[in-house]
file coords07.cif (mmCIF, C-alpha atoms)
data_entry
loop_
_atom_site.group_PDB
_atom_site.id
_atom_site.type_symbol
_atom_site.label_atom_id
_atom_site.label_comp_id
_atom_site.auth_asym_id
_atom_site.auth_seq_id
_atom_site.Cartn_x
_atom_site.Cartn_y
_atom_site.Cartn_z
ATOM 1 C CA MET X 1 37.238 -72.016 9.099
ATOM 2 C CA THR X 2 40.621 -72.992 7.651
ATOM 3 C CA LYS X 3 42.270 -70.407 5.424
ATOM 4 C CA TRP X 4 42.931 -71.532 1.881
ATOM 5 C CA LEU X 5 45.724 -69.032 1.273
ATOM 6 C CA GLN X 6 48.432 -69.494 3.889
ATOM 7 C CA ALA X 7 51.326 -67.043 4.208
ATOM 8 C CA SER X 8 54.401 -68.827 2.962
ATOM 9 C CA SER X 9 57.792 -68.346 1.350
ATOM 10 C CA LEU X 10 58.439 -69.604 -2.179
ATOM 11 C CA GLN X 11 62.146 -70.219 -2.780
ATOM 12 C CA GLY X 12 63.777 -70.015 -6.186
ATOM 13 C CA THR X 13 67.340 -69.873 -7.469
ATOM 14 C CA THR X 14 67.357 -66.148 -8.233
ATOM 15 C CA VAL X 15 64.512 -64.861 -6.052
ATOM 16 C CA THR X 16 62.503 -65.755 -2.981
ATOM 17 C CA LEU X 17 58.889 -64.671 -2.596
ATOM 18 C CA GLU X 18 58.245 -63.659 1.018
ATOM 19 C CA ALA X 19 54.904 -62.869 2.635
ATOM 20 C CA LEU X 20 54.304 -59.106 2.529
ATOM 21 C CA SER X 21 54.263 -57.223 5.841
ATOM 22 C CA TYR X 22 54.398 -53.620 7.054
ATOM 23 C CA SER X 23 58.102 -54.149 7.773
ATOM 24 C CA HIS X 24 58.731 -54.130 4.003
ATOM 25 C CA GLN X 25 57.535 -50.533 3.571
ATOM 26 C CA THR X 26 60.967 -48.881 3.256
ATOM 27 C CA ALA X 27 62.435 -51.627 1.070
ATOM 28 C CA LEU X 28 59.488 -51.496 -1.342
ATOM 29 C CA LEU X 29 59.794 -47.731 -1.710
ATOM 30 C CA LYS X 30 63.516 -48.095 -2.422
ATOM 31 C CA ALA X 31 62.785 -50.717 -5.095
ATOM 32 C CA ALA X 32 60.158 -48.463 -6.698
ATOM 33 C CA GLN X 33 62.679 -45.590 -6.812
ATOM 34 C CA ASP X 34 64.713 -47.655 -9.289
ATOM 35 C CA GLY X 35 63.009 -46.271 -12.385
ATOM 36 C CA GLU X 36 60.513 -44.054 -10.487
ATOM 37 C CA LEU X 37 57.926 -46.720 -11.173
ATOM 38 C CA TRP X 38 55.032 -44.850 -9.532
ATOM 39 C CA ASN X 39 55.040 -42.550 -12.580
ATOM 40 C CA LEU X 40 53.983 -45.402 -14.873
ATOM 41 C CA TRP X 41 50.247 -44.843 -15.191
ATOM 42 C CA LEU X 42 49.651 -48.305 -16.722
ATOM 43 C CA THR X 43 50.679 -50.105 -13.537
ATOM 44 C CA SER X 44 49.960 -49.894 -9.812
ATOM 45 C CA VAL X 45 53.240 -49.261 -7.993
ATOM 46 C CA PRO X 46 53.290 -47.735 -4.488
ATOM 47 C CA ALA X 47 54.764 -44.318 -3.786
ATOM 48 C CA GLU X 48 55.564 -42.615 -0.490
ATOM 49 C CA ASN X 49 52.071 -41.093 -0.261
ATOM 50 C CA ASN X 50 50.225 -44.414 -0.621
ATOM 51 C CA ILE X 51 52.584 -47.190 0.504
ATOM 52 C CA LEU X 52 50.703 -47.757 3.774
ATOM 53 C CA SER X 53 47.314 -48.044 2.066
ATOM 54 C CA TYR X 54 48.901 -50.337 -0.571
ATOM 55 C CA ILE X 55 50.118 -52.743 2.118
ATOM 56 C CA LYS X 56 46.946 -52.384 4.209
ATOM 57 C CA LYS X 57 44.715 -53.313 1.265
ATOM 58 C CA ALA X 58 46.863 -56.330 0.391
ATOM 59 C CA LEU X 59 46.854 -57.609 3.975
ATOM 60 C CA HIS X 60 43.090 -56.999 4.285
ATOM 61 C CA GLU X 61 42.516 -59.165 1.208
ATOM 62 C CA TYR X 62 44.862 -61.801 2.648
ATOM 63 C CA LYS X 63 42.934 -61.805 5.938
ATOM 64 C CA HIS X 64 39.712 -62.508 4.026
ATOM 65 C CA ASP X 65 41.316 -65.308 1.973
ATOM 66 C CA HIS X 66 41.172 -63.410 -1.320
ATOM 67 C CA ALA X 67 44.884 -62.691 -1.789
ATOM 68 C CA LEU X 68 48.388 -63.889 -0.971
ATOM 69 C CA PRO X 69 50.750 -60.903 -1.331
ATOM 70 C CA PHE X 70 54.525 -61.244 -1.627
ATOM 71 C CA VAL X 71 57.647 -59.138 -1.815
ATOM 72 C CA VAL X 72 60.337 -60.318 -4.224
ATOM 73 C CA ARG X 73 63.758 -60.740 -2.600
ATOM 74 C CA HIS X 74 66.816 -61.078 -4.834
ATOM 75 C CA ASN X 75 68.785 -63.974 -3.374
ATOM 76 C CA ASP X 76 72.317 -62.800 -4.219
ATOM 77 C CA SER X 77 71.936 -59.228 -2.961
ATOM 78 C CA GLN X 78 69.263 -60.032 -0.334
ATOM 79 C CA THR X 79 67.429 -56.852 -1.360
ATOM 80 C CA ILE X 80 63.724 -56.412 -2.050
ATOM 81 C CA ILE X 81 63.309 -55.730 -5.779
ATOM 82 C CA GLY X 82 59.527 -55.702 -6.196
ATOM 83 C CA SER X 83 56.211 -57.252 -5.348
ATOM 84 C CA THR X 84 53.668 -59.716 -6.750
ATOM 85 C CA ARG X 85 50.427 -61.227 -5.565
ATOM 86 C CA ILE X 86 47.954 -64.049 -5.855
ATOM 87 C CA CYS X 87 44.668 -62.118 -5.916
ATOM 88 C CA ASN X 88 40.950 -62.361 -6.698
ATOM 89 C CA ALA X 89 41.130 -65.875 -5.291
ATOM 90 C CA ASN X 90 37.933 -67.932 -5.194
ATOM 91 C CA LYS X 91 38.229 -71.160 -3.243
ATOM 92 C CA ASP X 92 34.775 -72.432 -4.292
ATOM 93 C CA ASP X 93 35.545 -72.068 -7.995
ATOM 94 C CA ARG X 94 39.234 -72.972 -7.504
ATOM 95 C CA ARG X 95 40.395 -70.017 -9.554
ATOM 96 C CA LEU X 96 42.749 -67.151 -8.846
ATOM 97 C CA GLU X 97 44.659 -64.381 -10.537
ATOM 98 C CA ILE X 98 48.347 -63.478 -10.464
ATOM 99 C CA GLY X 99 48.768 -59.716 -10.516
ATOM 100 C CA TYR X 100 50.036 -56.540 -8.857
ATOM 101 C CA THR X 101 53.446 -57.504 -10.226
ATOM 102 C CA TRP X 102 56.246 -54.966 -10.551
ATOM 103 C CA TYR X 103 60.033 -55.038 -10.343
ATOM 104 C CA ALA X 104 62.751 -52.415 -9.937
ATOM 105 C CA LYS X 105 63.808 -51.234 -13.393
ATOM 106 C CA SER X 106 67.263 -52.828 -13.085
ATOM 107 C CA HIS X 107 65.614 -56.267 -12.745
ATOM 108 C CA GLN X 108 63.063 -55.948 -15.539
ATOM 109 C CA ARG X 109 63.488 -58.098 -18.660
ATOM 110 C CA SER X 110 65.566 -60.614 -16.745
ATOM 111 C CA ARG X 111 64.949 -64.140 -15.484
ATOM 112 C CA VAL X 112 63.303 -62.629 -12.378
ATOM 113 C CA ASN X 113 59.819 -62.497 -13.895
ATOM 114 C CA THR X 114 60.095 -65.999 -15.361
ATOM 115 C CA GLU X 115 61.094 -67.445 -12.001
ATOM 116 C CA CYS X 116 58.457 -65.492 -10.063
ATOM 117 C CA LYS X 117 55.700 -66.706 -12.372
ATOM 118 C CA TYR X 118 57.048 -70.267 -12.200
ATOM 119 C CA LEU X 119 56.990 -70.239 -8.382
ATOM 120 C CA LEU X 120 53.481 -68.729 -8.237
ATOM 121 C CA LEU X 121 52.030 -71.030 -10.874
ATOM 122 C CA ARG X 122 53.544 -74.114 -9.262
ATOM 123 C CA HIS X 123 52.073 -73.059 -5.912
ATOM 124 C CA ALA X 124 48.675 -72.380 -7.503
ATOM 125 C CA PHE X 125 48.388 -75.643 -9.436
ATOM 126 C CA GLU X 126 50.323 -78.054 -7.217
ATOM 127 C CA THR X 127 49.564 -76.773 -3.688
ATOM 128 C CA LEU X 128 46.239 -74.957 -4.045
ATOM 129 C CA HIS X 129 45.009 -77.275 -6.847
ATOM 130 C CA VAL X 130 43.293 -74.564 -8.859
ATOM 131 C CA ILE X 131 41.646 -75.275 -12.204
ATOM 132 C CA ALA X 132 42.811 -72.018 -13.809
ATOM 133 C CA VAL X 133 45.058 -69.022 -13.187
ATOM 134 C CA GLU X 134 44.194 -65.634 -14.703
ATOM 135 C CA PHE X 135 46.390 -62.695 -15.673
ATOM 136 C CA ARG X 136 44.955 -59.253 -16.427
ATOM 137 C CA THR X 137 46.539 -56.136 -17.841
ATOM 138 C CA HIS X 138 45.773 -52.772 -19.436
ATOM 139 C CA HIS X 139 45.159 -53.116 -23.170
ATOM 140 C CA LEU X 140 47.842 -50.483 -23.850
ATOM 141 C CA ASN X 141 50.478 -52.240 -21.724
ATOM 142 C CA ASN X 142 52.164 -54.083 -24.576
ATOM 143 C CA ALA X 143 55.205 -55.083 -22.509
ATOM 144 C CA SER X 144 52.947 -56.780 -19.951
ATOM 145 C CA ARG X 145 50.881 -58.489 -22.643
ATOM 146 C CA LYS X 146 54.026 -59.893 -24.271
ATOM 147 C CA ALA X 147 55.408 -61.053 -20.913
ATOM 148 C CA ILE X 148 52.151 -62.841 -20.047
ATOM 149 C CA ALA X 149 51.972 -64.571 -23.432
ATOM 150 C CA ARG X 150 55.652 -65.511 -23.140
ATOM 151 C CA ILE X 151 55.024 -67.614 -20.026
ATOM 152 C CA GLY X 152 52.386 -69.648 -21.845
ATOM 153 C CA ALA X 153 49.088 -67.944 -21.003
ATOM 154 C CA LYS X 154 46.402 -67.718 -23.672
ATOM 155 C CA GLN X 155 44.311 -64.606 -24.256
ATOM 156 C CA ASP X 156 40.669 -65.144 -23.290
ATOM 157 C CA GLY X 157 39.301 -61.761 -24.286
ATOM 158 C CA VAL X 158 39.037 -58.045 -23.539
ATOM 159 C CA LEU X 159 36.756 -56.467 -20.918
ATOM 160 C CA ARG X 160 35.996 -53.097 -22.490
ATOM 161 C CA ASN X 161 35.614 -50.037 -20.233
ATOM 162 C CA HIS X 162 36.384 -52.352 -17.342
ATOM 163 C CA LYS X 163 37.920 -49.945 -14.808
ATOM 164 C CA LEU X 164 37.838 -46.198 -14.238
ATOM 165 C CA LEU X 165 41.412 -45.057 -13.589
ATOM 166 C CA SER X 166 42.545 -42.208 -11.345
ATOM 167 C CA ASN X 167 43.360 -40.071 -14.417
ATOM 168 C CA GLY X 168 39.727 -40.274 -15.551
ATOM 169 C CA THR X 169 40.262 -42.723 -18.423
ATOM 170 C CA TYR X 170 38.764 -46.185 -18.705
ATOM 171 C CA ARG X 171 40.911 -49.273 -18.850
ATOM 172 C CA HIS X 172 40.085 -52.014 -21.310
ATOM 173 C CA THR X 173 41.339 -55.107 -19.474
ATOM 174 C CA VAL X 174 42.954 -57.927 -21.436
ATOM 175 C CA VAL X 175 42.365 -61.304 -19.746
ATOM 176 C CA PHE X 176 44.700 -64.283 -20.140
ATOM 177 C CA SER X 177 44.668 -67.679 -18.427
ATOM 178 C CA ILE X 178 46.449 -70.985 -17.974
ATOM 179 C CA THR X 179 44.312 -74.029 -17.168
ATOM 180 C CA ALA X 180 45.231 -77.024 -15.032
ATOM 181 C CA GLU X 181 45.357 -79.185 -18.161
ATOM 182 C CA GLU X 182 47.853 -76.790 -19.746
ATOM 183 C CA TRP X 183 50.058 -76.495 -16.662
ATOM 184 C CA PRO X 184 52.328 -79.555 -17.270
ATOM 185 C CA ALA X 185 53.411 -78.244 -20.695
ATOM 186 C CA VAL X 186 53.723 -74.655 -19.421
ATOM 187 C CA LYS X 187 55.795 -75.910 -16.478
ATOM 188 C CA LEU X 188 58.231 -77.752 -18.750
ATOM 189 C CA ASP X 189 58.598 -74.684 -20.971
ATOM 190 C CA LEU X 190 59.271 -72.403 -17.992
ATOM 191 C CA GLU X 191 61.820 -74.852 -16.575
ATOM 192 C CA GLU X 192 63.577 -74.897 -19.953
ATOM 193 C CA LYS X 193 63.618 -71.091 -20.065
ATOM 194 C CA LEU X 194 65.062 -70.974 -16.534
ATOM 195 C CA ALA X 195 67.720 -73.572 -17.432
ATOM 196 C CA ARG X 196 68.760 -71.249 -20.302
ATOM 197 C CA ASN X 197 68.757 -68.321 -17.843
ATOM 198 C CA TYR X 198 65.992 -66.719 -19.928
#
call {"tool": "encode", "arguments": {"input": "coords07.cif", "output": "structure tokens"}}
result
Amino acid sequence: MTKWLQASSLQGTTVTLEALSYSHQTALLKAAQDGELWNLWLTSVPAENNILSYIKKALHEYKHDHALPFVVRHNDSQTIIGSTRICNANKDDRRLEIGYTWYAKSHQRSRVNTECKYLLLRHAFETLHVIAVEFRTHHLNNASRKAIARIGAKQDGVLRNHKLLSNGTYRHTVVFSITAEEWPAVKLDLEEKLARNY
């Protein structure tokens, strides 16, 4: 059976998305140290005690055609500055989610996220020919919600008490999406933002 999600590299002007591998372990930990991101309870960022299981889970999902995990390489410095992933992919329904996204603190609120989302969305709609791309985040993660809306996704709803977190609280998950019909307009808007270095 032919895999739908093929490991690939997505090249941008500022960043390149490279297929995640165990060889990225040290570089990912170094990126996460910039801001001690593992302390942010609203997001899922690997730390030294769980980096191997983080990579193992991502590669297991890739093997079973449910995910396409990437590291984010900054082109000028050639350093790894974060990670992102196509996940919860369903070939039959032609839907997927973009998630597990995090960047070193020094690269947050820059054009990095805009370009990463542009590369992933273009791959999803123009190579994988999906009908919709989802984004999900914690209802209290206002920065993430704003960033998702900023790229053109529309809020679909809230899944209340959706996930039990390691700290014992429940996460209400806010779901956003972009449909195939919306992609051409979203693409133009993202290209304009990138042209303005936004």
call {"tool": "resolve_selection", "arguments": {"input": "coords07.cif", "expression": "the PyMOL selection byres ((chain X and resi 132) around 12)", "output": "VMD selection string"}}
result
chain X and resid 89 to 91 93 to 98 121 to 122 124 to 126 128 to 131 133 to 135 153 to 154 156 176 to 183
call {"tool": "write_last_selection", "arguments": {"input": "coords07.cif", "atoms": "C-alpha atoms", "output": "PDB file, keeping the file's coordinate frame"}}
result
ATOM      1  CA  ALA X  89      41.130 -65.875  -5.291  1.00  0.00           C
ATOM      2  CA  ASN X  90      37.933 -67.932  -5.194  1.00  0.00           C
ATOM      3  CA  LYS X  91      38.229 -71.160  -3.243  1.00  0.00           C
ATOM      4  CA  ASP X  93      35.545 -72.068  -7.995  1.00  0.00           C
ATOM      5  CA  ARG X  94      39.234 -72.972  -7.504  1.00  0.00           C
ATOM      6  CA  ARG X  95      40.395 -70.017  -9.554  1.00  0.00           C
ATOM      7  CA  LEU X  96      42.749 -67.151  -8.846  1.00  0.00           C
ATOM      8  CA  GLU X  97      44.659 -64.381 -10.537  1.00  0.00           C
ATOM      9  CA  ILE X  98      48.347 -63.478 -10.464  1.00  0.00           C
ATOM     10  CA  LEU X 121      52.030 -71.030 -10.874  1.00  0.00           C
ATOM     11  CA  ARG X 122      53.544 -74.114  -9.262  1.00  0.00           C
ATOM     12  CA  ALA X 124      48.675 -72.380  -7.503  1.00  0.00           C
ATOM     13  CA  PHE X 125      48.388 -75.643  -9.436  1.00  0.00           C
ATOM     14  CA  GLU X 126      50.323 -78.054  -7.217  1.00  0.00           C
ATOM     15  CA  LEU X 128      46.239 -74.957  -4.045  1.00  0.00           C
ATOM     16  CA  HIS X 129      45.009 -77.275  -6.847  1.00  0.00           C
ATOM     17  CA  VAL X 130      43.293 -74.564  -8.859  1.00  0.00           C
ATOM     18  CA  ILE X 131      41.646 -75.275 -12.204  1.00  0.00           C
ATOM     19  CA  VAL X 133      45.058 -69.022 -13.187  1.00  0.00           C
ATOM     20  CA  GLU X 134      44.194 -65.634 -14.703  1.00  0.00           C
ATOM     21  CA  PHE X 135      46.390 -62.695 -15.673  1.00  0.00           C
ATOM     22  CA  ALA X 153      49.088 -67.944 -21.003  1.00  0.00           C
ATOM     23  CA  LYS X 154      46.402 -67.718 -23.672  1.00  0.00           C
ATOM     24  CA  ASP X 156      40.669 -65.144 -23.290  1.00  0.00           C
ATOM     25  CA  PHE X 176      44.700 -64.283 -20.140  1.00  0.00           C
ATOM     26  CA  SER X 177      44.668 -67.679 -18.427  1.00  0.00           C
ATOM     27  CA  ILE X 178      46.449 -70.985 -17.974  1.00  0.00           C
ATOM     28  CA  THR X 179      44.312 -74.029 -17.168  1.00  0.00           C
ATOM     29  CA  ALA X 180      45.231 -77.024 -15.032  1.00  0.00           C
ATOM     30  CA  GLU X 181      45.357 -79.185 -18.161  1.00  0.00           C
ATOM     31  CA  GLU X 182      47.853 -76.790 -19.746  1.00  0.00           C
ATOM     32  CA  TRP X 183      50.058 -76.495 -16.662  1.00  0.00           C
TER      33      TRP X 183
END
call {"tool": "residues_around", "arguments": {"input": "coords07.cif", "residues": "Ile148 (chain X)", "least_positions_apart": "2", "cutoff": "12 Å", "atoms": "only C-alpha atoms", "output": "ChimeraX atom specification"}}
result
/X:98-99,101,113-114,117-118,133-138,141-146,150-155,174-178,186
call {"tool": "residues_around", "arguments": {"input": "coords07.cif", "residues": "region 108-111 of chain X", "least_positions_apart": "4", "cutoff": "8 Å", "atoms": "only C-alpha atoms", "output": "list in words"}}
result
Thr14, Tyr103, Ala104, Glu115, Leu194, Asn197 and Tyr198 of chain X
call {"tool": "atom_distance", "arguments": {"input": "coords07.cif", "atom1": "CA of Tyr62 (chain X)", "atom2": "CA of Leu120 (chain X)"}}
result
15.5 Å
call {"tool": "residues_near_point", "arguments": {"input": "coords07.cif", "point": "(42.3, -49.9, -20.4)", "cutoff": "10 Å", "atoms": "all atoms listed in the file", "output": "PyMOL selection string"}}
result
chain X and resi 42+137-141+158-165+169-174
call {"tool": "atom_distance", "arguments": {"input": "coords07.cif", "atom1": "CA of Glu61 (chain X)", "atom2": "CA of Ser23 (chain X)"}}
result
17.6 Å
call {"tool": "atom_distance", "arguments": {"input": "coords07.cif", "atom1": "CA of Ala147 (chain X)", "atom2": "CA of Ala27 (chain X)"}}
result
24.9 Å
call {"tool": "closest_residue", "arguments": {"input": "coords07.cif", "among": "X:Ser21, X:Thr16, X:Gln33, X:Ser9", "to": "Ser106 (chain X)", "atoms": "all atoms listed in the file"}}
result
X:Gln33
call {"tool": "closest_atom_pairs", "arguments": {"input": "coords07.cif", "of": "region 63-115 of chain X", "to": "region 48-57 of chain X", "cutoff": "10 Å", "atoms": "all atoms listed in the file", "output": "tab-separated table"}}
result
residue	atom	partner	partner_atom	distance
X:Lys63	CA	X:Lys57	CA	9.9
X:Ala67	CA	X:Lys57	CA	9.9
X:Pro69	CA	X:Ile55	CA	8.9
call {"tool": "write_last_selection", "arguments": {"input": "coords07.cif", "atoms": "C-alpha atoms", "output": "PDB file, keeping the file's coordinate frame"}}
result
ATOM      1  CA  LYS X  63      42.934 -61.805   5.938  1.00  0.00           C
ATOM      2  CA  ALA X  67      44.884 -62.691  -1.789  1.00  0.00           C
ATOM      3  CA  PRO X  69      50.750 -60.903  -1.331  1.00  0.00           C
TER       4      PRO X  69
END
call {"tool": "axis_aligned_box", "arguments": {"input": "coords07.cif", "around": "region 157-170 of chain X", "padding_each_side": "5 Å", "output": "AutoDock Vina command-line options"}}
result
--center_x 39.5 --center_y -50.9 --center_z -17.8 --size_x 17.7 --size_y 31.7 --size_z 22.9
call {"tool": "closest_residue", "arguments": {"input": "coords07.cif", "among": "X:Ile81, X:Pro184, X:Leu59, X:Leu119", "to": "Lys105 (chain X)", "atoms": "all atoms listed in the file"}}
result
X:Ile81
call {"tool": "closest_residue", "arguments": {"input": "coords07.cif", "among": "X:Leu5, X:Leu29, X:Ala195, X:Leu20", "to": "Phe70 (chain X)", "atoms": "all atoms listed in the file"}}
result
X:Leu20
call {"tool": "closest_residue", "arguments": {"input": "coords07.cif", "among": "X:Ala149, X:Ala31, X:Ile86, X:Ile80", "to": "Asp65 (chain X)", "atoms": "only C-alpha atoms"}}
result
X:Ile86
call {"tool": "closest_residue", "arguments": {"input": "coords07.cif", "among": "X:Arg196, X:His24, X:His107, X:His60", "to": "His74 (chain X)", "atoms": "only C-alpha atoms"}}
result
X:His107
call {"tool": "resolve_selection", "arguments": {"input": "coords07.cif", "expression": "the PyMOL selection byres ((chain X and resi 76) around 10)", "output": "number ranges by chain"}}
result
X: 13-15, 73-75, 77-79
call {"tool": "residues_near_point", "arguments": {"input": "coords07.cif", "point": "(55.7, -62.0, -4.3)", "cutoff": "6 Å", "atoms": "all atoms listed in the file", "output": "ChimeraX atom specification"}}
result
/X:17,69-72,83-85
call {"tool": "closest_residue", "arguments": {"input": "coords07.cif", "among": "X:Thr127, X:Gly82, X:Thr26, X:Glu192", "to": "Ser8 (chain X)", "atoms": "all atoms listed in the file"}}
result
X:Thr127
call {"tool": "decode", "arguments": {"input": "coords07.cif", "residues": "region 86-107 of chain X", "atoms": "N, CA and C atoms", "output": "mmCIF file, in the first residue's frame"}}
result
data_model
loop_
_atom_site.group_PDB
_atom_site.id
_atom_site.type_symbol
_atom_site.label_atom_id
_atom_site.label_comp_id
_atom_site.auth_asym_id
_atom_site.auth_seq_id
_atom_site.Cartn_x
_atom_site.Cartn_y
_atom_site.Cartn_z
ATOM 1 N N ILE X 86 2.156 17.801 10.462
ATOM 2 C CA ILE X 86 0.858 17.391 9.937
ATOM 3 C C ILE X 86 0.468 16.173 10.773
ATOM 4 N N CYS X 87 -0.746 16.174 11.324
ATOM 5 C CA CYS X 87 -1.140 15.093 12.229
ATOM 6 C C CYS X 87 -2.621 14.779 12.063
ATOM 7 N N ASN X 88 -3.058 13.723 12.740
ATOM 8 C CA ASN X 88 -4.459 13.278 12.663
ATOM 9 C C ASN X 88 -4.939 13.218 11.212
ATOM 10 N N ALA X 89 -4.054 12.749 10.349
ATOM 11 C CA ALA X 89 -4.359 12.704 8.919
ATOM 12 C C ALA X 89 -5.275 11.532 8.598
ATOM 13 N N ASN X 90 -6.263 11.784 7.736
ATOM 14 C CA ASN X 90 -7.213 10.758 7.327
ATOM 15 C C ASN X 90 -7.327 10.792 5.809
ATOM 16 N N LYS X 91 -6.653 9.846 5.172
ATOM 17 C CA LYS X 91 -6.618 9.822 3.711
ATOM 18 C C LYS X 91 -8.004 9.628 3.115
ATOM 19 N N ASP X 92 -8.828 8.764 3.721
ATOM 20 C CA ASP X 92 -10.167 8.488 3.186
ATOM 21 C C ASP X 92 -11.041 9.744 3.178
ATOM 22 N N ASP X 93 -10.963 10.514 4.256
ATOM 23 C CA ASP X 93 -11.773 11.731 4.343
ATOM 24 C C ASP X 93 -11.058 12.957 3.779
ATOM 25 N N ARG X 94 -9.773 12.780 3.438
ATOM 26 C CA ARG X 94 -8.948 13.864 2.881
ATOM 27 C C ARG X 94 -8.938 15.087 3.796
ATOM 28 N N ARG X 95 -8.693 14.800 5.067
ATOM 29 C CA ARG X 95 -8.584 15.854 6.073
ATOM 30 C C ARG X 95 -7.329 15.621 6.898
ATOM 31 N N LEU X 96 -6.793 16.684 7.448
ATOM 32 C CA LEU X 96 -5.659 16.561 8.353
ATOM 33 C C LEU X 96 -5.620 17.781 9.262
ATOM 34 N N GLU X 97 -4.747 17.697 10.236
ATOM 35 C CA GLU X 97 -4.562 18.790 11.183
ATOM 36 C C GLU X 97 -3.121 19.253 11.122
ATOM 37 N N ILE X 98 -2.882 20.520 11.365
ATOM 38 C CA ILE X 98 -1.532 21.048 11.561
ATOM 39 C C ILE X 98 -1.407 21.376 13.041
ATOM 40 N N GLY X 99 -0.430 20.769 13.694
ATOM 41 C CA GLY X 99 -0.289 20.971 15.136
ATOM 42 C C GLY X 99 1.098 20.641 15.631
ATOM 43 N N TYR X 100 1.203 20.476 16.958
ATOM 44 C CA TYR X 100 2.489 20.225 17.621
ATOM 45 C C TYR X 100 3.526 21.278 17.229
ATOM 46 N N THR X 101 3.069 22.513 17.062
ATOM 47 C CA THR X 101 3.949 23.578 16.592
ATOM 48 C C THR X 101 4.519 24.368 17.760
ATOM 49 N N TRP X 102 5.827 24.527 17.766
ATOM 50 C CA TRP X 102 6.488 25.385 18.752
ATOM 51 C C TRP X 102 7.803 25.891 18.156
ATOM 52 N N TYR X 103 8.188 27.082 18.613
ATOM 53 C CA TYR X 103 9.426 27.708 18.146
ATOM 54 C C TYR X 103 10.207 28.238 19.346
ATOM 55 N N ALA X 104 11.527 28.264 19.215
ATOM 56 C CA ALA X 104 12.376 28.905 20.220
ATOM 57 C C ALA X 104 11.863 30.321 20.461
ATOM 58 N N LYS X 105 11.937 30.773 21.703
ATOM 59 C CA LYS X 105 11.345 32.066 22.064
ATOM 60 C C LYS X 105 11.854 33.203 21.186
ATOM 61 N N SER X 106 13.129 33.172 20.807
ATOM 62 C CA SER X 106 13.707 34.255 20.013
ATOM 63 C C SER X 106 13.142 34.309 18.596
ATOM 64 N N HIS X 107 12.396 33.292 18.181
ATOM 65 C CA HIS X 107 11.805 33.280 16.836
ATOM 66 C C HIS X 107 10.279 33.341 16.871
#
